[in-house]
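To start, the structure under review is shown below, and the notes come after it.
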Amino acid sequence: MSDIRVRFAPSPTGKVHIGNIRAAIYNWLYARHVGGKFLLRVEDTDLERSTPEAIAVLFDCMKWLGLDWDEEVFYQTKNAKRHLEAVDRLLASGHAYKVEKTSRDGKTGVVTMFKMPKEGVIEFDDIVKGHMAKKAEDIQDFAIVRSDGSPIFHIANVVDDIDQRVTHVIRGDDHVENTFKHICIFRALGASVPKYGHLSMIVNQQGKPYSKRDGAAFVGEYREQGYLPEALFNYLLLLGWNPGDDREVLTREEMIRLFELEKVHVTAAMFDPKKLAWMNGEYIKKIPHEEFVREVKERVSSLVAQVPAHGDAWWSYLADQLQVRTKFLNDIPGMARCFVTDDFPFDEKAVEKRLRKPGVKGLLLDLAERFSKVADWSAPALEAVVKELSQGNGMGPWVHPIRVAVSGRGEGIGLFEMLQLLGRDTTLARLRKAAETLAAD
RNA sequence: GGCCCCAUCGUCUAUCGGCUAGGACACGAGCUUUUCAUGCUUGGUAGAGGAGUUCGACUCUCCUUGGGGCUGCCA
């Protein structure tokens with residue numbers, strides 16, 4: 001156990017950006033690694049956007065990723081009185097002053113400004129960026145209370161960190177400049193300054209901050225697209241940190257054990273959706289069989305009003321076939337639709353290529369005839385039939401048309417396994433129907 | 001403009017002065033093979049440029065160039 005306390009302090013806007021959640025991940029991992037506390041502070045000062053729904057979305061995303069927090073959630077708005085008390089103290093000690101100002105949008109009013117020291121150097125040792133220094137004279141005085149009397153981010157953030165007894169502030173790179181200001185506030189308030197660690201940004205292919213224009217930028221979108229939380233977590237972790245060896249797919253326990261804030265990279269990392277997709281596939285392969293079976297059942301059931309009755313063995317077999325070739329859970333319905341309903345789409349290209357060829361009609365009808373005589377309806381038995389036909393010259397000419405005829409697509413699970421799952425009646429019916437309606441003579 | 005930060009394959013990265021520069025993703029080839037995958041084998045691609053320190057520099061220093069951040073009564 002240690003007395004290290006870190007916090008994740010997002011403003012709840014209803015969407016949680018991946019860069020932001022990576023900051024949460026690093027905070028969480030750091031706290032768990034050192035045995036400290038991971039606190040959650042909701043910076044809900046923007047009353048218009050900070051709705052209960054937005055806050056619920058935030059909690060949801062964190063729970064989805066397994067980011068559990070310690071202690072009560074801290075709401076910034078509830079600490080407004082403390083913020084203003086601090087301002088009064090700054091005013092009294094001469095660290096702040098009031099002045100009439102005109103804002104960018106033309107409003108004129110009296111705001112409270114923090115008075116920056118006029119000389120000297122402000123410095124701190126950033127855990128990830130190293131030694132940072134800036135001349136006080138290079139930083140302007142800045143507003144801490146609006147003309148409507150509400151506290152501004154800088155003062156609220158610092159006072160909350162003091163009140164939550166935060167020891168390490170781990171946040172986005174975009175706050176480095178603020179840090180010099182915040183350090184001055186901590187000192188003016190007579191509080192001890194926390195340690196800082198600033199995380200680089202996640203950038204797009206052009207090297208610009210990754211935004212919604214570059215693809216899915218919010219945690220919720222990944223969830224909807226069938227990404228596994230473990231995969232997103234692992235991928236985001238690797239974007240700026242690595243265990244020091246070649247391991248990439250790590251268990252949560254390994255992450256906690258190996259994570260070191262000091263080893264987090266300074267440089268911005270480019271987001272690579274391809275690698276995330278690969279990572280997702282890796283995690284899908286790791287899903288325990290029983291769980292994957294449930295996942296398949298659930299996703300397939302939503303496709304049709306009535307799922308044909310099948311035994312556990314059937315589902316288990318289908319899931320096995322599916323699991324190794326599933327990259328996204330959302331791919332499951334498309335791959336499995338043909339197993340639970342006759343109402344599935346035919347891929348036009350596949351039909352053109354495999355069915356609308358001379359002789360295919362006769363081929364399919366012949367196959368249906370031969371299959372109908374198979375005593376033991378199983379993948380090996382069916383394969384034997386086609387093997388015999390092919391006489392060792394490759395089963396392609398038979399396999400491709402059959403696949404398209406019974407599933408509508410050119411790809412999917414192993415063909416004979418597919419036929420076994422479909423069963424005799426369905427297979428024969430589909431072969432005959434395709435022969436009559438789609439195939440060329 | 002001012003201030004701050006950064007710089008190894010296309011991308012994420014290893015290297016803490018000895019490097020024939022390693023791994024992963026992606027890409028190419030091959031094997032397995034009925035498709036798509038998986039799995040295995042394998043190929044190509046990197047230290048921005050210039051000075052300096054050193055026996056030796058990707059690693060240290062400086063400059064240049066390039067990129068990013070900040071410069072609000074946003075957070």
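By convention in this document, the chains of the structure tokens carry letters A, B, ... by their order, each chain's residues are numbered from 1, and ligands are numbered from 1 in the order they are shown.
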>> Quick one: residues within 12 Å of C27 (chain B), only C-alpha atoms (C1' of nucleotides), excluding same-chain residues fewer than 5 positions away - as a ChimeraX atom specification?
In response: /B:10,43-45
> If we count only C-alpha atoms (C1' of nucleotides), which residues of chain B reach to within 9 Å of chain A? Please list them as JSON, numbers by chain.
Replying inline: {"B": [2, 3, 4, 5, 6, 7, 11, 12, 13, 14, 23, 24, 25, 26, 34, 35, 36, 37, 38, 67, 68, 69, 70, 71, 72, 73, 74, 75]}
May I have the selected residues written with C-alpha atoms (C1' of nucleotides), as a tab-separated table (two decimals), in the first residue's frame?
```tsv
chain	number	residue	atom	x	y	z
B	2	G	C1'	6.75	34.52	-28.57
B	3	C	C1'	7.45	30.32	-25.27
B	4	C	C1'	7.79	24.94	-24.57
B	5	C	C1'	8.42	19.93	-26.34
B	6	C	C1'	9.74	16.11	-29.86
B	7	A	C1'	12.69	13.23	-34.00
B	11	U	C1'	3.09	2.51	-38.20
B	12	C	C1'	3.96	1.08	-32.73
B	13	U	C1'	8.62	0.25	-30.74
B	14	A	C1'	13.84	-2.39	-28.60
B	23	G	C1'	10.36	-7.50	-32.44
B	24	A	C1'	5.09	-6.51	-33.66
B	25	C	C1'	1.31	-4.53	-37.21
B	26	A	C1'	0.88	-3.81	-42.39
B	34	U	C1'	-12.07	-26.64	-50.31
B	35	U	C1'	-13.02	-20.67	-49.58
B	36	C	C1'	-11.90	-17.08	-45.83
B	37	A	C1'	-8.99	-17.41	-41.79
B	38	U	C1'	-5.58	-19.68	-38.35
B	67	G	C1'	6.70	18.10	-36.67
B	68	G	C1'	3.61	19.11	-32.45
B	69	G	C1'	1.71	21.90	-28.18
B	70	C	C1'	0.48	26.47	-25.69
B	71	U	C1'	-0.24	31.63	-26.23
B	72	G	C1'	-9.27	32.46	-23.88
B	73	C	C1'	-14.02	35.25	-18.84
B	74	C	C1'	-12.51	26.34	-22.79
B	75	A	C1'	-11.01	22.46	-20.17
```
>> Show me, as a PyMOL selection string, the residues that have an atom within 12 Å of Gln306 (chain A) when counting only C-alpha atoms (C1' of nucleotides), minus same-chain residues fewer than 6 positions from it.
In response: chain A and resi 300+340-342
Convert the current residue selection to file output with C-alpha atoms, as a JSON list (two decimals), in the first residue's frame.
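Written out: result08.json:
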```
[["chain", "number", "residue", "atom", "x", "y", "z"],
["A", 300, "VAL", "CA", -27.39, -14.69, -34.00],
["A", 340, "VAL", "CA", -30.38, -19.88, -38.69],
["A", 341, "THR", "CA", -32.51, -18.72, -41.58],
["A", 342, "ASP", "CA", -33.04, -19.30, -45.28]]
```
> region 17-46 of chain A: which residues are helix (DSSP H, G or I) by DSSP, as a PyMOL selection string?
Replying inline: chain A and resi 18-34
>> Excluding Ser378 (chain A) and its own-chain neighbours fewer than 5 positions away, which residues fall within 8 Å of it when counting only C-alpha atoms (C1' of nucleotides)? Please give them as a ChimeraX atom specification.
In response: /A:416-417,419-420
Kindly save the residues from that selection, with C-alpha atoms included, as a PDB file, in the first residue's frame.
```pdb
ATOM      1  CA  PHE A 416     -17.983 -29.476 -45.096  1.00  0.00           C
ATOM      2  CA  GLU A 417     -18.286 -28.279 -41.546  1.00  0.00           C
ATOM      3  CA  LEU A 419     -22.825 -28.515 -44.571  1.00  0.00           C
ATOM      4  CA  GLN A 420     -22.747 -30.627 -41.461  1.00  0.00           C
TER       5      GLN A 420
END
```
> Quick one: residues within 10 Å of region 56-66 of chain B, only C-alpha atoms (C1' of nucleotides) counted, chain neighbours fewer than 4 positions away excluded, as a PyMOL selection string?
Replying inline: chain B and resi 7-8+15-19+21+47-52
> Which one is closest to Asp68 (chain A): A:Val351, A:Leu29, A:Leu258, A:Ala375? Count only C-alpha atoms.
Replying inline: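 Between A:Val351, A:Leu29, A:Leu258, A:Ala375, the residue approaching Asp68 (chain A) most closely is A:Leu29.
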Can you list, as a compact mmCIF listing (two decimals) with C-alpha atoms, in the first residue's frame, every protein, DNA or RNA residue that comes within 9 Å of Val16 (chain A) when you count only C-alpha atoms (C1' of nucleotides), leaving out same-chain residues fewer than 2 positions away?
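To be explicit, this is the file written out as part-v8.txt:
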```txt
# COMPACT_ATOMS: atom_id res chain seq x y z
CA PRO A 10 -12.60 14.37 -17.45
CA PRO A 12 -18.34 14.77 -19.10
CA THR A 13 -19.45 15.70 -22.58
CA GLY A 14 -21.17 12.46 -23.44
CA ILE A 18 -9.55 7.65 -26.80
CA GLY A 19 -6.71 10.01 -25.91
CA ASN A 20 -8.51 10.88 -22.75
CA ILE A 21 -9.26 7.31 -21.82
CA VAL A 57 -21.85 7.49 -20.47
CA LEU A 58 -18.56 8.27 -18.76
CA CYS A 61 -17.09 3.56 -20.63
CA ALA A 217 -12.44 8.72 -31.76
CA PHE A 218 -14.69 7.83 -28.87
CA VAL A 219 -14.70 4.78 -26.66
CA GLY A 220 -18.37 4.11 -27.28
```
Could you give me, as a tab-separated table (two decimals) with N, CA and C atoms, in the first residue's frame, the residues within 6 Å of Pro358 (chain A), counting only C-alpha atoms (C1' of nucleotides) and dropping anything in the same chain fewer than 2 positions from it?
```
chain	number	residue	atom	x	y	z
A	360	VAL	N	-22.98	-25.50	-64.15
A	360	VAL	CA	-23.09	-25.48	-62.70
A	360	VAL	C	-24.44	-26.05	-62.24
A	440	ALA	N	-26.27	-21.38	-63.97
A	440	ALA	CA	-26.39	-21.45	-65.43
A	440	ALA	C	-26.37	-22.91	-65.86
A	441	ASP	N	-27.01	-23.18	-66.98
A	441	ASP	CA	-27.11	-24.58	-67.44
A	441	ASP	C	-25.75	-25.18	-67.77
```
> Which value, in Å to one decimal, gives the distance between CA of Arg32 (chain A) and CA of Met62 (chain A)?
Replying inline: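 Between these atoms lies a distance of 15.2 Å.
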>> Among region 12-216 of chain A, which residues does DSSP mark as strand (DSSP E) when it is run on the backbone? Keep the chain and numbering as in the structure and answer as a VMD selection string.
In response: chain A and resid 37 to 42 74 to 75 96 to 102 108 to 114 121 to 126 130 to 135 142 to 145 168 to 172 195 to 199 202 to 203
> In Å, how far is it from CA of Arg89 (chain A) to CA of Val158 (chain A)?
Replying inline: 13.9 Å
> Which of these residues is nearest to Asp60 (chain A), using only C-alpha atoms: A:Ser372, A:Tyr210, A:Arg223, A:Asn204?
Replying inline: A:Arg223
>> What does the structure give for the distance between CA of Arg165 (chain A) and CA of Leu199 (chain A), in Å to one decimal?
In response: 21.1 Å
> With distances taken over only C-alpha atoms, which of A:His265, A:Arg424, A:Lys181, A:Lys349 is nearest to Glu123 (chain A)?
Replying inline: A:Lys181
